[in-house]
Amino acid sequence: MGTFPSLATYPSSATFPSAPAAGPAVLPLGSCNAQSAAAVILGPATPDVGSGLTYVSEPAPPRQVTVVTPNGYRYRWATDEPKAENIPQGLTFSSSMPGGSDQFSCSLLRDPERSYPDLTRLSDLYVGRAGGRTAQYRIEETPGAQGEQSIEVSGRGGRAALEDRADVKALFVDRDLSGWGGMSSAREIVHRTGGRTPVHASTSPDPDTGLPSVDLTGGGRWPTAGFYCEALYDAGDGMEVGRIYSEWKDNGFGTSFNARFGVTSTSETDGSTWSPSTDLLDGSGWGTWGTVDTTVTPGRYARMDVAILSAVSDDVSRGFHHQKVAVYGTHGLTPVGTPGGFFPGPMLEWLIQNHTQLKVGTIDPGTFLHEHAAYRDPGTALSIVENLSRYEPLYDWFVYDDEFHFRRRGSYGKRWRARVAQANLQSSGETVARLWNQVAVRTQDPYYGDQVAGPTGSGYANTSDLLIDVDPDNPANQKGITRRATLDIGEGTIAGAITVGQHFLEETKRLDNAGQATLEGLVQDDAGTWWPVDEVRAGDEISFPDSADTSWRHITRASYDDSSATASLDLDAPPETLDALLARFQAALIPLG
């Protein structure tokens, strides 16, 4: 069959060569139409004094699709290709925030019954032109058109790499006590063989504080020496525990006893009773709190145990409780605070490096401290990325050119300018259905169980001023009425619930400013250079100088259609508005009963 030549001018890095030399083409901007604009103009604008028109020069290099197959061969599709089978028809491609490069599609005039080397699945597609941007996708489908001599090519952007594995698990910090349980039957045998009487631990509220705790008595008594109780945390297959933190208290062992407790890692057949250990002699720990914050030998299981070496009294109910338990994986990240959590940036960087083939781009730390972030059930990296970023509405995560980024809005991308009429700017408009000045948020906290955070003065156990919108321009405040939304965010912390509520109030006001625009032919960047509109992508910002609001608007989606040379934009929020916002927060708007 032979080998296919490498297109040396279009390397796999998709950095396109400089624009070929060409004579200037001078057109009045007002005469550009959908057909001429896409292939005509790139360069500085020159005003034609007295005509009211702006002239621009230098022909834009042709847009092209460079195909790089998995085995490294390169091919080119473009309108200037000599063979019709290499000219893409009905080309469209899009990007969105969060996410980055999104969807690609085109058709090729080819026989669906034949196979083509440049249509190999997972081939990379680089869409762009010399001197401009590139957008990267990969081929996912190439079905033949029914009854036609053409092949439809469908691709997805780099975010698809976040779904290549469905077995991704990550243990950053787990404060959910449901992971702790009594010893297994194999461990029971080990202890009985060692002459110890095994007692199963349980999770129950501490009798003094009422907080969930690991109870190392099994709810019973210690009638004599030789009893041994342990609680095991199973991190799951392929997961290791590297550190454990807890606050512990001996609650009434009696006045004369000799005991030890330990926190370590273990295996099913490990016969040791403690390592490292803390001695509790003659009731010295009774009624007092201590802490254990230790690095443990990596292992599948983490273990808390207590061993009674000797005891005199057998008529006192005895307890040994661990509360505020935090289990950390072996990721090597440094917790912030005590027991400590993590900002999303370091966790996202670790996730991308260890569970995807993507490169790490610019990753900002973020602002929300996750005190609980454990993904012990198999899933995709995408689901973890979405969960870790849900409390950060002012940040975008995206994949461009095989690089993962987590950036604050406005710190990346390009800026564009367009006239209202030319862009057909439309606003989503205002509606009372999303007008609130207060919010209450329900969550399932790993320490405190089912909790509700509400605005100050609402009567809930957890309140915050952050759950009240005091904006004097809010019509509800002007009218002096309370409009309170209620959200359910599922598993999360109380602090997380307050943060979600705060951002919910901020973001719902942005929805009134959401809108759509359609750019045709050319658009001007903030330096005054004209570009074909296919250069605009999600994450950029655009301003409309002749509108009532001339501020920079965030582009949440950009979709280019080659047949009309138009780019359709969603601004500030996606068209699904409230539903999309709730999906990003992983929240449900519900009546609070």
# chains A, B, ... in the order shown; residues from 1 in each chain; ligands from 1
>>> select_by_dssp(residues="region 420-555 of chain A", states="helix (DSSP H, G or I)", output="JSON, numbers by chain")
{"A": [420, 421, 422, 423, 432, 433, 434, 465, 466, 467, 475, 476, 477, 478, 479, 494, 495, 496, 497, 498, 499, 500, 501, 502, 503, 504, 505, 506, 507, 508, 509, 510, 511, 533, 534, 535]}
>>> closest_atom_pairs(of="region 393-423 of chain A", to="region 486-510 of chain A", cutoff="12 Å", atoms="only C-alpha atoms", output="JSON lines")
{"residue": "A:Pro393", "atom": "CA", "partner": "A:His503", "partner_atom": "CA", "distance": 7.0}
{"residue": "A:Leu394", "atom": "CA", "partner": "A:His503", "partner_atom": "CA", "distance": 8.9}
{"residue": "A:Tyr395", "atom": "CA", "partner": "A:His503", "partner_atom": "CA", "distance": 11.8}
>>> atom_distance(atom1="CA of Asp293 (chain A)", atom2="CA of Val327 (chain A)")
9.9 Å
>>> closest_residue(among="A:Pro532, A:Pro207, A:Gly449, A:Gly242", to="Ala326 (chain A)", atoms="only C-alpha atoms")
A:Gly242
>>> residues_around(residues="Arg63 (chain A)", least_positions_apart="3", cutoff="10 Å", atoms="only C-alpha atoms", output="list in words")
Ala38, Ala39, Ala60, Thr66, Trp77, Ala78, Thr79, Asp80, Val127, Gly128, Arg129, Ala130, Gly132, Thr134, Pro532 and Asp534 of chain A
>>> closest_residue(among="A:Gly410, A:Pro378, A:Gly361, A:Gly528", to="Trp552 (chain A)", atoms="only C-alpha atoms")
A:Gly410
>>> atom_distance(atom1="CA of Gly131 (chain A)", atom2="CA of Tyr400 (chain A)")
17.1 Å
>>> select_by_dssp(residues="region 439-477 of chain A", states="strand (DSSP E)", output="ChimeraX atom specification")
/A:439-445,449-455,462-464
